[in-house]
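Colleague: Okay, so here is input_34.csv, and as you'll see once you scroll down, it has CSV, C-alpha atoms and all ligand atoms.
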chain,number,residue,atom,x,y,z
A,1,MET,CA,-187.4,98.5,-1.5
A,2,LYS,CA,-183.9,99.9,-2.0
A,3,ILE,CA,-183.4,102.3,-4.9
A,4,ASP,CA,-180.1,103.7,-6.1
A,5,ILE,CA,-179.9,106.4,-8.7
A,6,LEU,CA,-176.6,107.2,-10.6
A,7,THR,CA,-176.5,110.7,-12.0
A,8,ILE,CA,-174.1,113.6,-12.8
A,9,PHE,CA,-176.8,116.0,-11.4
A,10,PRO,CA,-177.5,114.7,-7.9
A,11,GLU,CA,-179.1,118.1,-7.0
A,12,TYR,CA,-181.9,117.2,-9.4
A,13,PHE,CA,-183.3,114.8,-6.9
A,14,LYS,CA,-183.2,117.2,-3.9
A,15,THR,CA,-187.0,117.6,-3.5
A,16,PRO,CA,-188.9,115.1,-5.7
A,17,PHE,CA,-188.4,112.3,-3.2
A,18,GLU,CA,-189.1,114.5,-0.2
A,19,GLN,CA,-192.8,115.0,-1.1
A,20,SER,CA,-196.1,113.3,-0.4
A,21,LEU,CA,-196.3,109.5,-0.6
A,22,ILE,CA,-192.7,108.9,-1.4
A,23,ALA,CA,-191.6,110.8,1.7
A,24,LYS,CA,-194.2,108.9,3.7
A,25,ALA,CA,-192.9,105.6,2.3
A,26,LYS,CA,-189.4,106.5,3.3
A,27,GLU,CA,-190.6,107.5,6.8
A,28,LYS,CA,-192.3,104.1,7.1
A,29,SER,CA,-189.1,102.4,5.9
A,30,LEU,CA,-190.9,100.9,2.9
A,31,LEU,CA,-188.5,102.7,0.7
A,32,ASP,CA,-184.9,103.9,0.9
A,33,ILE,CA,-183.3,106.0,-1.9
A,34,ASP,CA,-179.6,106.8,-2.4
A,35,ILE,CA,-178.5,109.2,-5.0
A,36,TRP,CA,-175.0,108.7,-6.3
A,37,ASP,CA,-172.8,111.3,-8.1
A,38,ILE,CA,-171.1,109.6,-11.0
A,39,ARG,CA,-168.6,112.5,-11.2
A,40,GLN,CA,-167.1,111.4,-7.8
A,41,PHE,CA,-166.0,108.2,-9.6
A,42,SER,CA,-164.0,110.0,-12.3
A,43,LYS,CA,-160.3,109.4,-11.8
A,44,ASP,CA,-158.8,112.5,-13.4
A,45,LYS,CA,-158.3,115.8,-11.6
A,46,HIS,CA,-161.0,117.6,-13.5
A,47,LYS,CA,-163.6,114.9,-12.7
A,48,THR,CA,-164.4,114.4,-16.3
A,49,VAL,CA,-167.4,112.2,-17.1
A,50,ASP,CA,-167.7,112.8,-20.8
A,51,ASP,CA,-165.6,112.8,-23.9
A,52,ILE,CA,-165.9,113.3,-27.7
A,53,PRO,CA,-167.4,110.4,-29.7
A,54,TYR,CA,-165.2,108.0,-31.6
A,55,GLY,CA,-165.9,108.4,-35.3
A,56,GLY,CA,-166.7,112.1,-34.9
A,57,GLY,CA,-170.1,113.8,-34.6
A,58,CYS,CA,-171.6,116.4,-32.5
A,59,GLY,CA,-171.9,116.4,-28.7
A,60,MET,CA,-170.2,114.5,-26.0
A,61,VAL,CA,-170.6,110.9,-24.8
A,62,MET,CA,-170.7,109.8,-21.2
A,63,LYS,CA,-167.6,107.7,-20.4
A,64,VAL,CA,-168.0,104.1,-19.3
A,65,GLU,CA,-165.3,104.0,-16.5
A,66,PRO,CA,-166.9,106.4,-14.0
A,67,ILE,CA,-170.3,104.7,-14.5
A,68,TYR,CA,-168.8,101.2,-14.1
A,69,ASP,CA,-166.9,102.3,-10.9
A,70,CYS,CA,-170.0,103.9,-9.5
A,71,LEU,CA,-172.1,100.8,-10.2
A,72,ASN,CA,-169.5,98.7,-8.3
A,73,ALA,CA,-169.5,101.1,-5.4
A,74,VAL,CA,-173.3,101.0,-5.2
A,75,GLU,CA,-173.4,97.2,-5.1
A,76,ALA,CA,-170.5,97.0,-2.7
A,77,LYS,CA,-172.4,99.2,-0.3
A,78,ASN,CA,-176.0,98.2,-0.9
A,79,GLY,CA,-175.8,94.7,-2.4
A,80,LYS,CA,-176.7,93.4,-5.8
A,81,GLY,CA,-179.6,95.1,-7.5
A,82,TYR,CA,-181.5,95.0,-10.8
A,83,LYS,CA,-179.6,97.6,-12.9
A,84,ILE,CA,-181.5,99.7,-15.4
A,85,ALA,CA,-180.0,102.1,-17.9
A,86,LEU,CA,-182.4,104.9,-18.9
A,87,THR,CA,-182.3,105.4,-22.7
A,88,PRO,CA,-184.7,106.4,-25.4
A,89,LYS,CA,-183.6,103.2,-27.2
A,90,GLY,CA,-184.8,101.0,-24.3
A,91,LYS,CA,-188.0,99.0,-24.1
A,92,ARG,CA,-191.0,101.3,-23.5
A,93,PHE,CA,-192.1,101.6,-19.9
A,94,THR,CA,-195.6,100.4,-19.1
A,95,GLN,CA,-197.7,99.6,-16.1
A,96,GLU,CA,-196.9,95.9,-16.7
A,97,ILE,CA,-193.2,96.7,-16.4
A,98,ALA,CA,-193.9,98.8,-13.3
A,99,GLU,CA,-195.6,95.8,-11.7
A,100,LYS,CA,-192.7,93.5,-12.5
A,101,LEU,CA,-190.2,96.0,-11.1
A,102,SER,CA,-192.3,96.5,-7.9
A,103,SER,CA,-191.6,92.9,-7.0
A,104,LYS,CA,-187.9,93.5,-6.9
A,105,GLU,CA,-186.1,94.4,-3.7
A,106,HIS,CA,-183.4,96.6,-5.1
A,107,LEU,CA,-183.4,98.7,-8.2
A,108,ILE,CA,-180.5,100.7,-9.6
A,109,PHE,CA,-181.0,103.4,-12.2
A,110,VAL,CA,-178.3,104.9,-14.4
A,111,CYS,CA,-179.2,108.3,-15.9
A,112,GLY,CA,-177.5,109.4,-19.0
A,113,ARG,CA,-176.8,113.0,-20.2
A,114,TYR,CA,-175.3,114.7,-23.3
A,115,GLU,CA,-175.5,112.4,-26.4
A,116,GLY,CA,-176.0,109.4,-24.2
A,117,MET,CA,-173.7,106.8,-22.6
A,118,ASP,CA,-170.8,104.8,-24.1
A,119,GLU,CA,-172.5,101.7,-25.5
A,120,ARG,CA,-170.3,99.5,-23.3
A,121,VAL,CA,-172.3,100.7,-20.2
A,122,TYR,CA,-175.1,98.4,-21.4
A,123,HIS,CA,-172.9,95.3,-20.8
A,124,PHE,CA,-173.1,96.0,-17.1
A,125,VAL,CA,-176.9,96.5,-16.7
A,126,ASP,CA,-179.8,94.1,-16.7
A,127,ASP,CA,-182.3,96.2,-18.6
A,128,GLU,CA,-182.7,99.3,-20.8
A,129,ILE,CA,-185.9,101.4,-20.4
A,130,SER,CA,-187.3,104.3,-22.2
A,131,ILE,CA,-190.3,106.3,-20.7
A,132,GLY,CA,-191.6,107.1,-24.2
A,133,ASP,CA,-190.9,107.9,-27.8
A,134,TYR,CA,-189.3,111.3,-27.2
A,135,VAL,CA,-185.8,112.5,-26.2
A,136,LEU,CA,-185.2,114.1,-22.8
A,137,MET,CA,-182.2,116.0,-21.9
A,138,GLY,CA,-181.2,113.4,-19.3
A,139,GLY,CA,-182.4,110.3,-17.6
A,140,GLU,CA,-183.2,112.0,-14.3
A,141,ALA,CA,-186.8,112.9,-15.1
A,142,ALA,CA,-187.2,109.3,-16.5
A,143,ALA,CA,-185.9,107.9,-13.2
A,144,ILE,CA,-188.4,109.9,-11.2
A,145,VAL,CA,-191.3,108.8,-13.4
A,146,ILE,CA,-190.3,105.1,-12.9
A,147,VAL,CA,-189.7,105.5,-9.2
A,148,GLU,CA,-193.2,107.0,-8.8
A,149,ALA,CA,-195.0,104.4,-10.9
A,150,VAL,CA,-193.1,101.5,-9.2
A,151,THR,CA,-193.1,102.5,-5.6
A,152,ARG,CA,-196.8,103.3,-5.4
A,153,LEU,CA,-197.4,99.6,-6.2
A,154,ILE,CA,-195.5,98.5,-3.1
A,155,LYS,CA,-197.9,97.3,-0.4
A,156,GLY,CA,-198.5,100.0,2.1
A,157,VAL,CA,-197.3,103.0,0.1
A,158,VAL,CA,-200.7,104.1,-1.2
A,159,GLY,CA,-203.4,104.1,1.5
A,160,LYS,CA,-205.9,101.7,0.1
A,161,ASP,CA,-204.6,98.9,-2.1
A,162,LYS,CA,-208.0,98.8,-3.9
A,163,SER,CA,-207.4,102.3,-5.3
A,164,VAL,CA,-204.3,101.0,-7.0
A,165,GLU,CA,-206.1,97.9,-8.3
A,166,ASP,CA,-208.9,100.0,-9.9
A,167,GLU,CA,-206.8,102.3,-11.9
A,168,THR,CA,-206.1,103.1,-15.5
A,169,PHE,CA,-204.0,100.3,-17.2
A,170,THR,CA,-204.3,98.0,-14.1
A,171,LYS,CA,-207.1,96.0,-15.7
A,172,GLY,CA,-206.0,96.9,-19.2
A,173,LEU,CA,-208.5,99.7,-19.6
A,174,LEU,CA,-208.6,103.4,-18.9
A,175,GLU,CA,-210.2,104.4,-15.7
A,176,TYR,CA,-213.9,105.6,-15.5
A,177,PRO,CA,-214.6,109.3,-14.7
A,178,GLN,CA,-214.3,110.4,-11.1
A,179,TYR,CA,-216.2,113.2,-9.4
A,180,THR,CA,-216.2,114.9,-6.0
A,181,ARG,CA,-218.1,117.7,-4.5
A,182,PRO,CA,-219.8,120.0,-5.5
A,183,TYR,CA,-222.6,118.2,-7.2
A,184,ASP,CA,-223.2,121.1,-9.6
A,185,PHE,CA,-220.3,123.2,-10.9
A,186,LEU,CA,-221.3,125.9,-13.3
A,187,GLY,CA,-224.1,123.6,-14.6
A,188,TYR,CA,-221.8,120.6,-15.0
A,189,LYS,CA,-223.5,118.0,-12.8
A,190,VAL,CA,-222.3,114.7,-11.4
A,191,PRO,CA,-224.0,111.8,-13.2
A,192,ASP,CA,-227.1,110.8,-11.2
A,193,VAL,CA,-226.1,107.2,-11.0
A,194,LEU,CA,-223.2,108.1,-8.7
A,195,ILE,CA,-225.6,109.6,-6.1
A,196,SER,CA,-228.1,106.8,-6.4
A,197,GLY,CA,-226.5,104.8,-3.6
A,198,ASP,CA,-227.1,101.7,-5.8
A,199,HIS,CA,-223.6,100.1,-5.8
A,200,LYS,CA,-224.4,97.5,-8.4
A,201,LYS,CA,-225.6,100.1,-10.8
A,202,ILE,CA,-222.5,102.3,-10.0
A,203,GLU,CA,-220.2,99.4,-10.7
A,204,GLU,CA,-221.9,98.7,-14.0
A,205,TRP,CA,-221.9,102.4,-15.0
A,206,ARG,CA,-218.1,102.6,-14.3
A,207,ARG,CA,-217.4,99.4,-16.2
A,208,LEU,CA,-219.3,100.7,-19.3
A,209,GLN,CA,-217.6,104.2,-19.0
A,210,SER,CA,-214.2,102.5,-18.8
A,211,LEU,CA,-214.9,100.5,-21.9
A,212,GLU,CA,-216.3,103.5,-23.7
A,213,ILE,CA,-213.4,105.8,-22.9
A,214,THR,CA,-210.9,103.1,-23.8
A,215,LYS,CA,-212.7,102.5,-27.1
A,216,LYS,CA,-212.6,106.2,-28.0
A,217,ARG,CA,-209.1,107.1,-26.8
A,218,ARG,CA,-207.0,103.9,-26.8
A,219,PRO,CA,-208.5,101.2,-29.0
A,220,ASP,CA,-205.1,99.6,-29.0
A,221,LEU,CA,-205.6,98.6,-25.4
A,222,LEU,CA,-208.9,96.9,-26.1
A,223,LYS,CA,-207.3,95.0,-28.9
A,224,LYS,CA,-204.5,93.9,-26.6
A,225,LEU,CA,-207.1,92.8,-24.0
A,226,GLY,CA,-209.0,90.9,-26.7
A,227,ALA,CA,-205.8,89.1,-27.7
A,228,LYS,CA,-205.1,88.2,-24.1
A,229,ASP,CA,-208.6,86.7,-23.6
A,230,ALA,CA,-208.5,84.8,-26.8
B,1,LIG,C1,-180.2,113.7,-25.0
B,1,LIG,S1,-180.4,112.0,-24.4
B,1,LIG,C2,-179.4,111.1,-25.6
B,1,LIG,C3,-180.2,110.6,-26.8
B,1,LIG,C4,-179.3,109.8,-27.7
B,1,LIG,N1,-178.4,110.6,-28.5
B,1,LIG,C5,-180.2,109.1,-28.7
B,1,LIG,O1,-180.6,109.6,-29.8
B,1,LIG,O2,-180.7,108.0,-28.4
B,1,LIG,C6,-179.5,112.0,-23.0
B,1,LIG,C7,-180.0,111.0,-21.9
B,1,LIG,O3,-181.3,111.3,-21.6
B,1,LIG,C8,-181.9,110.1,-21.2
B,1,LIG,N2,-183.2,109.9,-21.9
B,1,LIG,C9,-183.6,110.7,-23.0
B,1,LIG,N3,-184.7,110.4,-23.4
B,1,LIG,C10,-185.2,109.3,-22.7
B,1,LIG,C11,-186.3,108.5,-22.7
B,1,LIG,N4,-187.3,108.7,-23.5
B,1,LIG,N5,-186.4,107.6,-21.7
B,1,LIG,C12,-185.5,107.4,-20.8
B,1,LIG,N6,-184.3,108.1,-20.8
B,1,LIG,C13,-184.2,109.1,-21.7
B,1,LIG,C14,-181.0,108.9,-21.4
B,1,LIG,O4,-180.4,108.6,-20.1
B,1,LIG,C15,-180.0,109.5,-22.3
B,1,LIG,O5,-178.7,108.9,-22.2
Kindly transcribe the structure held in the file into structure tokens.
Modeller:
Amino acid sequence: MKIDILTIFPEYFKTPFEQSLIAKAKEKSLLDIDIWDIRQFSKDKHKTVDDIPYGGGCGMVMKVEPIYDCLNAVEAKNGKGYKIALTPKGKRFTQEIAEKLSSKEHLIFVCGRYEGMDERVYHFVDDEISIGDYVLMGGEAAAIVIVEAVTRLIKGVVGKDKSVEDETFTKGLLEYPQYTRPYDFLGYKVPDVLISGDHKKIEEWRRLQSLEITKKRRPDLLKKLGAKDA
């Protein structure tokens, strides 16, 4: 998968994509990430990327032209991609969206800053995504979240595909509790069923735990699942 990220803070991405599975995916050529500095596409000598809002109000708004020119340069170099603007006004990011995005070959993210982007930017993208109902200082952290969620779904990025299939949200439920050694930590013991060696029993226990924890913490997910099955 090809990923391009447009930002006015390219330094922000210096290390997050050099770690762990993302670094390995890049090494294995499963993933290629380019970071683009929107400021380089500003035409004035001060490299301005923001301006005061029409109609007044506090803060600055990101200008449309440098973003538009940067998007054109990205697609001229790397080909057409699925363009996503990061904004708290976008549709809320979910595992389902991550799955849809993971089937695309080329994703392009536009990170806003300040009071956000000139509304006309949204004419030039395919999607608007929010990572949750809160306001960040910029889209960079949101881009990292989405890149992590999406790229781990690409075949070969995570060691065993089964570990991705079993996870929270993948089957519409929260995941069952996981344990590793030691068996007894300060009196907190691993449930006996997990050391029974009876795989059928373990599977059943995990399924029930999954249902139980989802019922307690995220009844909305169970409702959604019920609606899907109906
Ligand atoms: C301070 S925010 C602008 C918020 C804007 N004034 C509003 O109320 O909708 C600056 C930038 O951070 C990013 N951002 C903030 N919260 C976000 C979220 N929940 N999801 C995705 N991006 C977000 C967007 O790119 C946005 O343009």
Colleague: For ligand LIG 1 (chain B), return the neighbouring residues as a PyMOL selection string (distance at most 7 Å; all atoms listed in the file).
Modeller: chain A and resi 85-89+111-117+129-139+142
Colleague: Write to file, as a tab-separated table (two decimals), keeping the file's coordinate frame, the residues of the selection just made, with C-alpha atoms.
Modeller:
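After the write, result_34.tsv holds the following:
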chain	number	residue	atom	x	y	z
A	85	ALA	CA	-180.00	102.10	-17.90
A	86	LEU	CA	-182.40	104.90	-18.90
A	87	THR	CA	-182.30	105.40	-22.70
A	88	PRO	CA	-184.70	106.40	-25.40
A	89	LYS	CA	-183.60	103.20	-27.20
A	111	CYS	CA	-179.20	108.30	-15.90
A	112	GLY	CA	-177.50	109.40	-19.00
A	113	ARG	CA	-176.80	113.00	-20.20
A	114	TYR	CA	-175.30	114.70	-23.30
A	115	GLU	CA	-175.50	112.40	-26.40
A	116	GLY	CA	-176.00	109.40	-24.20
A	117	MET	CA	-173.70	106.80	-22.60
A	129	ILE	CA	-185.90	101.40	-20.40
A	130	SER	CA	-187.30	104.30	-22.20
A	131	ILE	CA	-190.30	106.30	-20.70
A	132	GLY	CA	-191.60	107.10	-24.20
A	133	ASP	CA	-190.90	107.90	-27.80
A	134	TYR	CA	-189.30	111.30	-27.20
A	135	VAL	CA	-185.80	112.50	-26.20
A	136	LEU	CA	-185.20	114.10	-22.80
A	137	MET	CA	-182.20	116.00	-21.90
A	138	GLY	CA	-181.20	113.40	-19.30
A	139	GLY	CA	-182.40	110.30	-17.60
A	142	ALA	CA	-187.20	109.30	-16.50
Colleague: Of the candidates A:Glu165, A:Asp34, A:Asp127, A:Asp184, which shows the shortest atom-to-atom distance to Glu99 in chain A, using all atoms listed in the file?
Modeller: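 Among the listed residues, A:Glu165 lies closest to Glu99 in chain A.
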Colleague: Just give me the residues with any atom within 12 Å of (-174.7, 93.2, -6.2), file coordinates, counting all atoms listed in the file, written as an NGL selection string.
Modeller: :A and (4 or 71-83 or 105-108 or 124-126)
Colleague: Find the residues around Gln209 in chain A up to 12 Å (all atoms listed in the file counted), leave out those fewer than 6 positions away in its own chain, and share them as an mmCIF file with C-alpha atoms, in the coordinates of the input.
Modeller:
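Done, and the output landed in result.cif:
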data_model
loop_
_atom_site.group_PDB
_atom_site.id
_atom_site.type_symbol
_atom_site.label_atom_id
_atom_site.label_comp_id
_atom_site.auth_asym_id
_atom_site.auth_seq_id
_atom_site.Cartn_x
_atom_site.Cartn_y
_atom_site.Cartn_z
ATOM 1 C CA LEU A 173 -208.500 99.700 -19.600
ATOM 2 C CA LEU A 174 -208.600 103.400 -18.900
ATOM 3 C CA GLU A 175 -210.200 104.400 -15.700
ATOM 4 C CA TYR A 176 -213.900 105.600 -15.500
ATOM 5 C CA PRO A 177 -214.600 109.300 -14.700
ATOM 6 C CA GLN A 178 -214.300 110.400 -11.100
ATOM 7 C CA PRO A 191 -224.000 111.800 -13.200
ATOM 8 C CA ILE A 202 -222.500 102.300 -10.000
ATOM 9 C CA GLU A 203 -220.200 99.400 -10.700
ATOM 10 C CA LYS A 215 -212.700 102.500 -27.100
ATOM 11 C CA LYS A 216 -212.600 106.200 -28.000
ATOM 12 C CA ARG A 217 -209.100 107.100 -26.800
#
Colleague: Mind giving me the straight-line distance from CA of Glu65 in chain A to CA of Phe9 in chain A in Å, one decimal?
Modeller: 17.4 Å
Colleague: By how many Å are CA of Ile38 in chain A and CA of Leu153 in chain A apart?
Modeller: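 Computing it gives 28.5 Å between the two atoms.
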Colleague: Write out as a list in words the residues lying within 12 Å of Leu222 in chain A, counting all atoms listed in the file and excluding same-chain residues fewer than 6 positions away.
Modeller: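 Once the nearby chain positions are removed, what remains is Phe169, Lys171, Gly172, Leu173, Leu174, Ser210, Leu211, Glu212, Ile213, Thr214, Lys215, Lys216, Lys228 and Asp229 of chain A.
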Colleague: With all atoms listed in the file as the basis for distance, which of A:Ser103, A:Gln19, A:Thr7, A:Thr48 is at the shortest distance from Val150 in chain A?
Modeller: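 Result for the nearest residue to Val150 in chain A: A:Ser103.
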Colleague: Residues within 12 Å of (-194.3, 108.7, 1.6), file coordinates, counting only C-alpha atoms: what are they? Give the list as a list in words.
Modeller: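 Within 12 Å of (-194.3, 108.7, 1.6), the protein and nucleic acid residues are Pro16, Phe17, Glu18, Gln19, Ser20, Leu21, Ile22, Ala23, Lys24, Ala25, Lys26, Glu27, Lys28, Ser29, Leu30, Leu31, Asp32, Ile33, Glu148, Thr151, Arg152, Ile154, Gly156, Val157, Val158 and Gly159 of chain A.
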Colleague: Skipping near chain neighbours, those fewer than 5 positions away, what residues fall within 7 Å of Trp36 in chain A using only C-alpha atoms, listed as a PyMOL selection string?
Modeller: chain A and resi 5-7+10
Colleague: Would you export the selected residues with C-alpha atoms as a short mmCIF file (atom, residue, chain, number, x, y, z; two decimals), keeping the file's coordinate frame, please?
Modeller:
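Listed below is the output, out.cif:
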data_model
loop_
_atom_site.label_atom_id
_atom_site.label_comp_id
_atom_site.auth_asym_id
_atom_site.auth_seq_id
_atom_site.Cartn_x
_atom_site.Cartn_y
_atom_site.Cartn_z
CA ILE A 5 -179.90 106.40 -8.70
CA LEU A 6 -176.60 107.20 -10.60
CA THR A 7 -176.50 110.70 -12.00
CA PRO A 10 -177.50 114.70 -7.90
#
Colleague: Just checking: using all atoms listed in the file, which residue out of A:Leu101, A:Ile84, A:Leu208, A:Ile8 ends up closest to Lys47 in chain A?
Modeller: A:Ile8
Colleague: May I ask for the distance between CA of Ala143 in chain A and CA of Val110 in chain A, given in Å to one decimal place?
Modeller: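 Those two atoms sit 8.3 Å apart.
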